[in-house]
Structures are given as structure tokens and as C-alpha cells.
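Colleague: Sharing input_38.tsv (TSV, C-alpha atoms) below.
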```
chain	number	residue	atom	x	y	z
A	1	MET	CA	3.86	20.69	-13.93
A	2	LYS	CA	5.35	17.26	-14.28
A	3	ILE	CA	4.06	14.88	-11.64
A	4	LEU	CA	5.46	11.53	-10.57
A	5	MET	CA	3.05	9.19	-8.74
A	6	VAL	CA	4.80	6.50	-6.70
A	7	THR	CA	3.23	3.41	-5.12
A	8	ARG	CA	4.36	-0.08	-4.09
A	9	GLU	CA	1.40	-1.38	-6.07
A	10	VAL	CA	1.10	-4.89	-7.46
A	11	GLN	CA	-1.55	-6.33	-9.78
A	12	ALA	CA	-4.02	-7.03	-6.96
A	13	ASP	CA	-4.01	-3.35	-6.00
A	14	ARG	CA	-4.60	-2.31	-9.61
A	15	ARG	CA	-7.84	-4.26	-9.70
A	16	TYR	CA	-9.20	-3.94	-6.19
A	17	GLY	CA	-7.22	-1.32	-4.29
A	18	LEU	CA	-5.18	1.81	-4.76
A	19	GLY	CA	-4.95	1.54	-8.54
A	20	ARG	CA	-8.73	1.83	-8.92
A	21	SER	CA	-8.74	5.28	-7.32
A	22	LEU	CA	-5.57	6.62	-8.96
A	23	ALA	CA	-6.13	5.61	-12.59
A	24	PRO	CA	-9.03	8.03	-13.32
A	25	LEU	CA	-7.14	10.90	-11.68
A	26	ILE	CA	-4.04	10.26	-13.77
A	27	GLU	CA	-6.17	10.08	-16.92
A	28	GLU	CA	-7.81	13.41	-16.08
A	29	PHE	CA	-4.46	15.15	-15.56
A	30	ARG	CA	-3.20	13.82	-18.87
A	31	ARG	CA	-6.38	15.04	-20.57
A	32	ARG	CA	-5.53	18.51	-19.26
A	33	GLY	CA	-2.07	18.32	-20.79
A	34	ILE	CA	-0.31	17.78	-17.46
A	35	THR	CA	2.45	15.18	-17.63
A	36	VAL	CA	1.98	12.39	-15.09
A	37	ASP	CA	4.39	9.48	-14.79
A	38	TYR	CA	3.61	6.49	-12.62
A	39	VAL	CA	6.03	4.04	-11.03
A	40	CYS	CA	5.30	0.93	-9.01
A	41	GLN	CA	7.05	-2.36	-8.23
A	42	ALA	CA	6.96	-3.32	-11.90
A	43	GLY	CA	9.50	-0.54	-12.48
A	44	LEU	CA	12.14	-2.12	-10.25
A	45	GLY	CA	14.83	-3.84	-12.28
A	46	MET	CA	16.20	-7.30	-11.57
A	47	ARG	CA	19.36	-5.86	-10.05
A	48	ALA	CA	17.40	-3.69	-7.61
A	49	LEU	CA	15.24	-6.63	-6.58
A	50	LEU	CA	18.30	-8.83	-6.16
A	51	TRP	CA	19.92	-6.36	-3.76
A	52	GLN	CA	16.61	-5.88	-1.95
A	53	ASN	CA	16.32	-9.63	-1.40
A	54	ARG	CA	19.95	-9.96	-0.28
A	55	LEU	CA	19.59	-7.11	2.18
A	56	HIS	CA	16.36	-8.64	3.47
A	57	ARG	CA	18.05	-11.95	4.18
A	58	LEU	CA	20.92	-10.21	5.96
A	59	LEU	CA	18.77	-7.92	8.12
A	60	ALA	CA	16.17	-10.58	8.87
A	61	GLY	CA	18.93	-12.92	9.98
A	62	LEU	CA	20.42	-10.32	12.30
A	63	ALA	CA	17.02	-9.35	13.68
A	64	GLY	CA	16.16	-12.99	14.31
A	65	ILE	CA	18.79	-13.29	17.01
A	66	GLY	CA	16.93	-13.44	20.31
A	67	LYS	CA	13.22	-13.41	21.12
A	68	SER	CA	10.91	-10.57	20.10
A	69	ASP	CA	7.23	-9.68	19.85
A	70	THR	CA	7.92	-8.29	16.38
A	71	ASP	CA	7.81	-10.30	13.15
A	72	PHE	CA	11.06	-8.80	11.88
A	73	PRO	CA	11.29	-10.73	8.56
A	74	ALA	CA	7.84	-9.51	7.51
A	75	LEU	CA	8.43	-5.98	8.77
A	76	ILE	CA	11.82	-5.67	7.07
A	77	GLN	CA	10.26	-6.86	3.81
A	78	VAL	CA	7.56	-4.18	4.07
A	79	LEU	CA	10.11	-1.45	4.78
A	80	LEU	CA	12.67	-2.47	2.17
A	81	GLU	CA	10.28	-2.77	-0.76
A	82	ARG	CA	8.85	0.68	-0.04
A	83	PHE	CA	12.20	2.32	0.66
A	84	ASN	CA	13.40	0.84	-2.62
A	85	MET	CA	10.47	2.50	-4.38
A	86	GLY	CA	11.59	5.82	-2.86
A	87	ARG	CA	15.05	5.23	-4.33
A	88	LEU	CA	13.53	4.55	-7.74
A	89	ALA	CA	11.37	7.67	-7.45
A	90	ALA	CA	14.44	9.85	-6.81
A	91	ARG	CA	16.13	8.48	-9.94
A	92	VAL	CA	13.06	8.88	-12.16
A	93	ALA	CA	12.24	12.36	-10.83
A	94	ALA	CA	15.77	13.56	-11.54
A	95	ARG	CA	15.94	11.96	-14.98
A	96	GLU	CA	12.53	13.25	-16.10
A	97	GLY	CA	12.77	16.68	-14.46
A	98	CYS	CA	9.64	16.19	-12.35
A	99	THR	CA	8.25	19.17	-10.46
A	100	HIS	CA	6.25	17.02	-8.01
A	101	VAL	CA	6.71	13.60	-6.46
A	102	HIS	CA	3.53	12.21	-4.91
A	103	CYS	CA	4.36	9.30	-2.61
A	104	HIS	CA	1.46	7.03	-1.74
A	105	ASP	CA	2.77	5.99	1.64
A	106	PRO	CA	5.20	7.58	4.13
A	107	ILE	CA	7.89	4.89	3.84
A	108	ILE	CA	8.19	5.57	0.11
A	109	ALA	CA	8.39	9.26	1.02
A	110	ALA	CA	11.16	8.53	3.54
A	111	GLY	CA	13.06	6.67	0.83
A	112	TYR	CA	12.60	9.48	-1.67
A	113	ARG	CA	13.64	12.08	0.90
A	114	PHE	CA	16.81	10.13	1.71
A	115	PHE	CA	17.93	9.24	-1.81
A	116	SER	CA	17.05	12.61	-3.37
A	117	ARG	CA	19.82	14.15	-1.26
A	118	PHE	CA	22.35	12.11	-3.25
A	119	THR	CA	20.64	12.26	-6.65
A	120	ARG	CA	21.63	15.16	-8.88
A	121	GLY	CA	18.59	16.96	-10.26
A	122	ALA	CA	16.05	15.56	-7.77
A	123	LYS	CA	14.56	18.88	-6.61
A	124	ALA	CA	10.84	18.21	-6.83
A	125	ALA	CA	8.27	19.26	-4.27
A	126	TRP	CA	7.08	16.11	-2.56
A	127	GLY	CA	4.17	15.03	-0.45
A	128	VAL	CA	2.33	12.00	0.88
A	129	THR	CA	-1.09	10.41	0.74
A	130	GLU	CA	-1.88	8.18	3.72
A	131	HIS	CA	-4.37	5.65	2.38
A	132	GLY	CA	-4.96	3.75	5.62
A	133	PHE	CA	-7.12	4.84	8.50
A	134	GLY	CA	-4.69	6.56	10.81
A	135	CYS	CA	-0.93	6.19	10.79
A	136	TYR	CA	0.72	3.86	8.32
A	137	MET	CA	2.61	1.81	10.87
A	138	GLN	CA	-0.66	0.99	12.59
A	139	ALA	CA	-2.09	-0.11	9.26
A	140	ILE	CA	0.88	-2.43	8.72
A	141	GLN	CA	0.23	-3.99	12.11
A	142	GLU	CA	-3.49	-4.40	11.37
A	143	ASP	CA	-2.56	-6.05	8.08
A	144	GLY	CA	-0.88	-8.87	9.98
A	145	VAL	CA	2.66	-7.76	10.94
A	146	PRO	CA	2.98	-7.73	14.77
A	147	PHE	CA	5.03	-5.01	16.47
A	148	SER	CA	6.36	-4.64	19.97
A	149	ALA	CA	4.97	-1.58	21.75
A	150	ARG	CA	8.44	-0.04	21.96
A	151	LEU	CA	9.09	-0.45	18.24
A	152	MET	CA	5.66	0.98	17.41
A	153	ARG	CA	6.45	4.14	19.39
A	154	TRP	CA	9.76	4.50	17.55
A	155	ALA	CA	8.13	3.89	14.16
A	156	ARG	CA	5.37	6.43	14.80
A	157	ALA	CA	7.95	9.05	15.70
A	158	ARG	CA	9.79	8.41	12.42
A	159	GLU	CA	6.52	8.58	10.47
A	160	ALA	CA	5.63	11.88	12.14
A	161	GLY	CA	9.02	13.26	11.14
A	162	VAL	CA	8.44	12.37	7.49
A	163	LEU	CA	4.99	13.96	7.42
A	164	LYS	CA	6.22	17.15	9.09
A	165	ALA	CA	8.83	17.49	6.34
A	166	ALA	CA	6.32	16.86	3.51
A	167	VAL	CA	5.01	19.80	1.50
A	168	TRP	CA	1.53	18.25	1.54
A	169	VAL	CA	-0.20	15.41	3.36
A	170	ILE	CA	-3.51	14.00	2.15
A	171	ALA	CA	-6.00	11.48	3.57
A	172	PRO	CA	-9.16	10.25	1.80
A	173	THR	CA	-11.64	11.33	4.52
A	174	ARG	CA	-11.81	13.88	7.33
A	175	ALA	CA	-12.04	11.03	9.84
A	176	ALA	CA	-8.85	9.46	8.46
A	177	LEU	CA	-6.99	12.77	8.62
A	178	ASP	CA	-8.03	13.39	12.23
A	179	GLN	CA	-7.08	9.84	13.23
A	180	LEU	CA	-3.68	10.26	11.59
A	181	ALA	CA	-3.00	13.37	13.67
A	182	ARG	CA	-4.11	11.60	16.84
A	183	ASP	CA	-2.00	8.52	16.14
A	184	LEU	CA	1.11	10.64	15.61
A	185	ASP	CA	0.32	13.04	18.46
A	186	ILE	CA	0.32	16.06	16.16
A	187	ALA	CA	-1.99	18.90	17.20
A	188	PRO	CA	-3.42	21.00	15.78
A	189	VAL	CA	-3.71	19.43	12.34
A	190	PRO	CA	-1.16	21.28	10.15
A	191	THR	CA	-2.55	23.63	7.53
A	192	ASN	CA	-0.83	21.71	4.70
A	193	TRP	CA	-2.72	18.53	5.67
A	194	ARG	CA	-5.96	18.04	3.76
A	195	PHE	CA	-8.56	15.40	3.18
A	196	VAL	CA	-9.49	14.77	-0.44
A	197	TYR	CA	-12.19	12.23	-1.24
A	198	HIS	CA	-11.76	9.64	-3.95
A	199	ALA	CA	-13.62	10.73	-7.05
A	200	ARG	CA	-16.90	9.14	-8.04
A	201	PRO	CA	-15.88	5.86	-9.73
A	202	GLN	CA	-16.30	5.49	-13.46
A	203	LEU	CA	-18.12	2.16	-13.47
A	204	GLN	CA	-20.06	0.46	-16.22
A	205	CYS	CA	-23.56	-0.11	-14.83
A	206	TYR	CA	-26.02	-2.69	-16.14
A	207	ASP	CA	-29.63	-3.70	-15.79
A	208	LYS	CA	-29.74	-6.43	-13.14
A	209	ARG	CA	-31.36	-9.01	-15.41
A	210	GLU	CA	-28.86	-8.31	-18.21
A	211	ALA	CA	-25.92	-8.51	-15.79
A	212	ARG	CA	-27.11	-11.92	-14.55
A	213	ARG	CA	-27.57	-13.15	-18.08
A	214	ARG	CA	-23.99	-12.17	-18.97
A	215	LEU	CA	-22.63	-13.91	-15.89
A	216	GLY	CA	-24.85	-16.97	-16.29
A	217	TRP	CA	-26.33	-16.51	-12.80
A	218	ASP	CA	-29.47	-18.32	-11.73
A	219	GLU	CA	-32.46	-16.03	-11.21
A	220	ALA	CA	-33.67	-18.25	-8.36
A	221	MET	CA	-30.47	-17.74	-6.32
A	222	VAL	CA	-29.62	-14.96	-3.86
A	223	TYR	CA	-26.20	-13.54	-4.69
A	224	ILE	CA	-24.15	-11.75	-2.04
A	225	VAL	CA	-21.00	-10.03	-3.33
A	226	GLY	CA	-17.87	-9.00	-1.42
A	227	VAL	CA	-14.92	-7.14	-2.92
A	228	GLY	CA	-11.31	-6.74	-1.82
A	229	ARG	CA	-7.91	-8.35	-1.46
A	230	LEU	CA	-8.17	-11.73	0.25
A	231	VAL	CA	-6.30	-10.62	3.36
A	232	GLY	CA	-7.06	-10.72	7.07
A	233	LEU	CA	-7.98	-7.04	7.28
A	234	LYS	CA	-11.06	-7.61	5.10
A	235	ARG	CA	-12.36	-10.32	7.50
A	236	PHE	CA	-13.87	-12.49	4.78
A	237	PRO	CA	-14.06	-15.47	7.21
A	238	LEU	CA	-16.55	-13.44	9.25
A	239	LEU	CA	-18.61	-12.72	6.13
A	240	ILE	CA	-18.54	-16.40	5.21
A	241	GLU	CA	-19.75	-17.43	8.66
A	242	ALA	CA	-22.53	-14.82	8.52
A	243	CYS	CA	-23.70	-16.19	5.16
A	244	ALA	CA	-23.72	-19.71	6.63
A	245	ARG	CA	-26.12	-18.48	9.32
A	246	LEU	CA	-28.70	-17.10	6.88
A	247	PRO	CA	-31.99	-18.99	6.43
A	248	LYS	CA	-32.55	-20.90	3.19
A	249	ARG	CA	-28.79	-21.40	3.00
A	250	GLU	CA	-29.06	-23.57	-0.09
A	251	ARG	CA	-30.21	-20.49	-2.06
A	252	ILE	CA	-27.38	-18.25	-0.86
A	253	GLN	CA	-24.43	-17.85	-3.22
A	254	LEU	CA	-21.46	-15.86	-1.95
A	255	VAL	CA	-19.25	-14.27	-4.62
A	256	LEU	CA	-15.86	-12.78	-3.70
A	257	LEU	CA	-13.94	-10.53	-6.09
A	258	GLY	CA	-10.31	-10.33	-5.04
A	259	GLU	CA	-6.82	-11.75	-5.33
A	260	GLY	CA	-5.09	-13.80	-2.66
A	261	ASP	CA	-5.25	-17.17	-0.94
A	262	SER	CA	-8.73	-18.46	-1.75
A	263	GLU	CA	-8.06	-22.00	-0.53
A	264	ALA	CA	-8.02	-21.01	3.14
A	265	LEU	CA	-11.40	-19.33	2.68
A	266	ARG	CA	-12.80	-22.40	0.91
A	267	ARG	CA	-11.75	-24.56	3.86
A	268	HIS	CA	-13.32	-22.13	6.30
A	269	ALA	CA	-16.56	-22.17	4.32
A	270	ARG	CA	-16.71	-25.96	4.60
A	271	ASP	CA	-15.91	-25.81	8.33
A	272	VAL	CA	-18.76	-23.41	9.12
A	273	GLY	CA	-21.28	-25.20	6.91
A	274	LEU	CA	-21.72	-22.79	4.01
A	275	ALA	CA	-24.13	-24.65	1.76
A	276	ARG	CA	-22.67	-23.65	-1.59
A	277	GLU	CA	-19.08	-23.36	-2.77
A	278	ILE	CA	-17.87	-19.75	-2.86
A	279	LEU	CA	-17.49	-18.25	-6.31
A	280	PHE	CA	-14.15	-16.45	-6.59
A	281	ALA	CA	-13.57	-14.15	-9.55
A	282	LEU	CA	-10.98	-11.77	-10.97
A	283	THR	CA	-12.44	-9.03	-13.12
A	284	ASP	CA	-11.81	-5.55	-14.43
A	285	ASP	CA	-15.58	-5.04	-14.74
A	286	VAL	CA	-16.61	-4.85	-11.08
A	287	GLY	CA	-19.83	-3.08	-12.04
A	288	LEU	CA	-21.09	-6.18	-13.85
A	289	TYR	CA	-20.94	-8.27	-10.67
A	290	LEU	CA	-22.31	-5.55	-8.42
A	291	CYS	CA	-25.26	-4.83	-10.70
A	292	ALA	CA	-26.11	-8.55	-10.76
A	293	ALA	CA	-26.02	-8.89	-6.96
A	294	ASP	CA	-28.89	-8.92	-4.48
A	295	LEU	CA	-26.68	-7.58	-1.71
A	296	TYR	CA	-23.19	-6.22	-1.24
A	297	ALA	CA	-21.59	-6.91	2.14
A	298	SER	CA	-18.32	-5.92	3.82
A	299	ALA	CA	-17.01	-7.09	7.20
A	300	SER	CA	-13.75	-5.13	6.91
A	301	ALA	CA	-11.89	-4.29	10.12
A	302	SER	CA	-10.59	-0.97	8.78
A	303	GLU	CA	-11.28	1.33	5.85
A	304	SER	CA	-10.13	4.89	5.35
A	305	PHE	CA	-12.74	5.41	2.60
A	306	GLY	CA	-14.25	2.09	1.51
A	307	LEU	CA	-14.20	2.41	-2.29
A	308	ALA	CA	-15.93	-0.94	-2.89
A	309	ASN	CA	-18.79	0.08	-0.57
A	310	PHE	CA	-19.16	3.25	-2.60
A	311	GLU	CA	-19.08	1.42	-5.92
A	312	ALA	CA	-21.90	-0.83	-4.75
A	313	MET	CA	-23.95	2.26	-3.88
A	314	LEU	CA	-23.32	3.67	-7.34
A	315	CYS	CA	-24.62	0.40	-8.84
A	316	ALA	CA	-27.81	0.69	-6.74
A	317	VAL	CA	-27.06	-2.47	-4.76
A	318	PRO	CA	-28.18	-2.47	-1.11
A	319	VAL	CA	-25.10	-2.26	1.11
A	320	VAL	CA	-24.42	-3.81	4.51
A	321	CYS	CA	-21.00	-2.92	5.93
A	322	THR	CA	-19.07	-2.36	9.12
A	323	ALA	CA	-19.00	1.20	10.47
A	324	VAL	CA	-15.20	1.37	10.51
A	325	GLY	CA	-12.82	4.24	9.84
A	326	GLY	CA	-14.10	6.71	7.26
A	327	VAL	CA	-16.97	4.49	6.08
A	328	PRO	CA	-19.81	6.30	7.95
A	329	GLU	CA	-18.57	9.63	6.56
A	330	VAL	CA	-18.71	8.26	3.02
A	331	VAL	CA	-21.94	6.23	3.03
A	332	GLY	CA	-24.05	8.47	5.27
A	333	GLU	CA	-27.54	6.97	5.60
A	334	ALA	CA	-27.26	5.10	2.30
A	335	ALA	CA	-26.03	1.81	3.80
A	336	TRP	CA	-26.95	-0.49	6.69
A	337	LEU	CA	-24.06	-0.11	9.12
A	338	VAL	CA	-23.15	-2.72	11.71
A	339	PRO	CA	-20.78	-2.06	14.65
A	340	PRO	CA	-17.04	-2.36	13.93
A	341	ASP	CA	-16.78	-5.28	16.37
A	342	ALA	CA	-19.88	-7.08	15.07
A	343	ASP	CA	-19.78	-10.86	15.27
A	344	ALA	CA	-21.11	-13.25	12.64
A	345	ALA	CA	-24.56	-13.42	14.25
A	346	THR	CA	-24.93	-9.61	14.21
A	347	LEU	CA	-23.76	-9.35	10.62
A	348	ALA	CA	-26.07	-12.18	9.55
A	349	GLN	CA	-29.02	-10.51	11.28
A	350	ALA	CA	-28.41	-7.27	9.37
A	351	MET	CA	-28.03	-9.09	6.05
A	352	GLN	CA	-31.19	-11.11	6.68
A	353	ARG	CA	-33.16	-7.99	7.56
A	354	VAL	CA	-32.19	-6.32	4.28
A	355	LEU	CA	-32.74	-9.43	2.15
A	356	GLU	CA	-36.19	-10.11	3.57
A	357	ASP	CA	-37.53	-6.54	3.47
A	358	ASP	CA	-38.20	-5.44	-0.11
A	359	GLY	CA	-39.00	-1.89	0.94
A	360	LEU	CA	-35.80	-1.53	2.95
A	361	ARG	CA	-33.76	-3.03	0.13
A	362	ASP	CA	-35.24	-0.60	-2.41
A	363	THR	CA	-34.74	2.35	-0.05
A	364	LEU	CA	-31.07	1.55	0.52
A	365	ALA	CA	-30.48	1.03	-3.19
A	366	GLN	CA	-32.14	4.34	-4.06
A	367	LYS	CA	-30.34	6.30	-1.33
A	368	GLY	CA	-27.06	4.75	-2.37
A	369	ARG	CA	-27.44	5.69	-6.02
A	370	VAL	CA	-28.52	9.26	-5.19
A	371	ARG	CA	-25.63	9.81	-2.78
A	372	ALA	CA	-23.06	8.28	-5.11
A	373	SER	CA	-24.36	10.15	-8.17
A	374	ALA	CA	-24.02	13.49	-6.34
A	375	TRP	CA	-20.44	12.74	-5.24
A	376	PRO	CA	-17.62	14.90	-6.68
A	377	ASP	CA	-16.48	13.57	-10.05
A	378	VAL	CA	-12.90	13.19	-11.22
A	379	GLU	CA	-12.77	16.72	-12.68
A	380	GLU	CA	-13.69	18.27	-9.34
A	381	ILE	CA	-11.17	16.13	-7.46
A	382	ALA	CA	-8.46	16.86	-10.03
A	383	ASN	CA	-9.08	20.59	-9.50
A	384	ILE	CA	-8.33	20.14	-5.79
A	385	TYR	CA	-5.13	18.22	-6.50
A	386	GLU	CA	-4.01	20.77	-9.07
A	387	GLU	CA	-4.45	23.53	-6.48
A	388	ILE	CA	-2.42	21.52	-3.93
A	389	TYR	CA	0.37	21.00	-6.46
A	390	ARG	CA	0.51	24.67	-7.45
A	391	VAL	CA	0.66	25.79	-3.82
A	392	ALA	CA	3.38	23.19	-3.22
A	393	VAL	CA	5.60	24.67	-5.94
A	394	ALA	CA	5.14	28.17	-4.52
A	395	GLU	CA	5.98	26.95	-1.01
A	396	THR	CA	9.07	25.09	-2.25
A	397	ASP	CA	10.28	28.14	-4.21
A	398	ARG	CA	9.91	30.34	-1.12
A	399	ALA	CA	11.84	27.79	0.98
A	400	LEU	CA	14.71	27.88	-1.55
```
Please go through the file and, once you have read it, give me the structure as C-alpha cells.

Modeller:
Amino acid sequence: MKILMVTREVQADRRYGLGRSLAPLIEEFRRRGITVDYVCQAGLGMRALLWQNRLHRLLAGLAGIGKSDTDFPALIQVLLERFNMGRLAARVAAREGCTHVHCHDPIIAAGYRFFSRFTRGAKAAWGVTEHGFGCYMQAIQEDGVPFSARLMRWARAREAGVLKAAVWVIAPTRAALDQLARDLDIAPVPTNWRFVYHARPQLQCYDKREARRRLGWDEAMVYIVGVGRLVGLKRFPLLIEACARLPKRERIQLVLLGEGDSEALRRHARDVGLAREILFALTDDVGLYLCAADLYASASASESFGLANFEAMLCAVPVVCTAVGGVPEVVGEAAWLVPPDADAATLAQAMQRVLEDDGLRDTLAQKGRVRASAWPDVEEIANIYEEIYRVAVAETDRAL
């Protein structure tokens, strides 16, 4: 087998998103002697980016004629950069003689499917992982790109067509897989669709006191950590407002690990009266920050798996998070779940309850560590993927 993994990943995703779940899997395959290549936006040459930008300006200009409920410039950018990755995947797969092309969103898959028809030697079996909760077009909308209802129906139909043509379709939880089928009006769930959990993360864990010493954190402070890209979907403003509502606010220190526009969040913190300036950090050692924390909290509006929630559990940090998407399936009873539509007061109440109750805090930390430690490791998850890939080759050979 020779596998090509394709994403539209950028540096922020490597640290806090998709890259964190893929890297251990790729390493495990390579340890087994299976060739795995990986392409992302960094692989696009200057010429490809130039044409992508020119085409974006042209199409965005044409789409901007007349009024619309759709943010066409943003949507066209999303589609073009992913379709361009599909084009690159077809070239690389043909050049390297890949047996499998694993596209990590359906638009990349649509691009690969289209360009492979015109690329000599691109004959790999291909499939898709849907990393959002439900269909990808819905995830794009939730991430801040508005659609008209009519365009959303059209886009879902195109996405369904791509997934029906794929040799395999994967989602990271059972809940995410079922939601995907509902969103695309596909029933029953096809037999080549499977849910495969992310493997247990390979984090460096520390003693809490040692972690705080390394970070220079004050033992007298209460540290609340949040993790994720600084985008609207993660609802960090809600978390900030909840922290501002906690008693003894002067002792509360919020720490956010993620890349993005931090200035808007700093302004929001001042507006809602957060007593201390937020600490923003970029790190490849997430475990150090989690192990030093008193509480991990997430106010995310959508998660198909919730890898950061899970990492906090592994580090034996009490977790408070929204019960969105696949999160309840992953955390079980090892986290304090608040309703998906919880407001700042509700989130603050949950955080306060955990912070003030030593017994509850210890129970959540212990349950989290036990659940996370028993989770399938990367070898077990790689076995599942290897089986999917071998079946895919057999299916493709029969089709030919």
C-alpha cells in the first residue's frame, strides 16, 4: 500500500486541529513499513496559488453582482483552496503511484475525483473523512460563511454525490456519522461508511506542581485553560464572559491555547469585566498547560469528537464542556456537560460548582483519566484503517 493523505491544513491546524489527530496515525503506518505521503496547502506552488487567487477575484466579482444572502467571496475562497488541493492530490498520486488517496474533506475529494480523470496514472482507491459534525457544507456555514437556503440544498446534493462515489467514508464518532447521513438524506447508512475514533493522544503528562513551576504559574491563582483555534465556532467570548462571572474574579486566570485573532477576545474580556488579562499561548506541548490547570473548559458550538476535551481527561484535569455533537459519546460520565445552548450564567455556574467542590473535582479528574487511558491506542486505530484500505483495494479491483 502507498497512501496519500490530503488536507487543506495550515499551521494552526497542525497544532490544535486536524494535524494533532493525523500525525500519530501516519507515524504508526510508517513504523509498519507502509508508505504514507502527506500533502497540505504548503505543497501548493506559487503558480498554483497565483491562479487560485486570480480565479477567486474573477468569480467573486461575478457573484457579487446583485444582492444575496450568501457571502460568495468567502465561500468561493473555501471551495477553490480545497478543490486546488484535490488537483494537487491527483498529480502527486499519479507521480508517486499511490494505491489510496485519503481526502480529509469532501471538497478535496470532489477536486481529486475531477482532476484524476485527466491525470495519467491516477488510479488510486479514494475515500473521505468528514471531520465536522454532520455534512461539510453545514460546518462551513457554522464556521461563519452564510448560505442562502437554496444554495445549501444544492451544495448538500453535490456533497452527497461525492460521498456516494467514495470507496470509503469515515466520521470520528457514531453520532457524527448518523448526523451526516441525516443531513444528506441518505438512508440507511451505507455499509462502506464507518465511524473510527481518534486514537488516544500521545501527550507528555506532568505532575501539577512541576508543570506550574515550568510555566512560572502562581500557586495561589486558579487557572482555567481552553484550547482551540480562535474562531467563532469555539465560542471563546462565551467562555470569557463565564469566567468574568465567577466569584473571586481577581484569582481567576484564563489561558487560551490557539491561533487566530486574539485582540478581539482581549477587547471582549475588558468589556465584560474579566479581572485579569487573558494569557494566550502557542505551544506544541499542550500536556504541560493542561497538567498545570485547575480546570479545562470548552464552550464550543460544535464538535464531532472534541480532541482537546479528551486530552484534558487524559491529563486528569476536571472538564466542563458543552454537550455538542459527538462530545457526550466521547466523554461519557467523565466530564461535567452543560447544554449546547448554555448561556454564560449556566456555564459559569457549572465551572463554579466544579471549582468549589474538591470531591467533585477529584472524581471528574479520576474518571477522565480512567476513561482516556482505556481508549483505543494508535495501534488499534491503525489496524482499523489498514482493514478499510485493504477492503478498498479489493472493491476497486472488482469494479475494474

Colleague: Which polymer residues, protein or nucleic acid, are no farther than 8 Å from (-8.1, -11.1, -3.9), counting all atoms listed in the file, as a PyMOL selection string?

Modeller: chain A and resi 12+16+227-231+256-262+282

Colleague: I want to know what sits within 10 Å of A:Leu246, based on all atoms listed in the file, with residues of the same chain fewer than 3 positions away left out; could you give that as a list in words?

Modeller: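 My list of contacting residues is Glu241, Ala242, Cys243, Arg249, Glu250, Arg251, Ile252, Leu274, Ala345, Leu347, Ala348, Gln349, Met351, Gln352 and Leu355 of chain A.
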
Colleague: I'd like to know which of A:Asp341, A:Asp362, A:Asp285, A:Asp294 is closest to A:Ala220, using all atoms listed in the file.

Modeller: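 Of the candidates, the smallest distance to A:Ala220 is held by A:Asp294.
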
Colleague: With a distance cut-off of 10 Å and all atoms listed in the file, select the neighbouring residues of A:Leu177, excluding the residue or stretch itself and same-chain residues fewer than 6 positions from it, and output the selection as a PyMOL selection string.

Modeller: chain A and resi 130-135+169-171+183+189+193-196+304+326

Colleague: Ranking A:Arg245, A:Gly226, A:Arg267, A:Tyr289 by minimum distance to A:Cys321 and counting all atoms listed in the file, which one comes first?

Modeller: A:Gly226

Colleague: Point out the residue among A:Ala275, A:Ala292, A:Val92, A:Val6 with the least atom-to-atom distance to A:Val317, counting all atoms listed in the file.

Modeller: A:Ala292
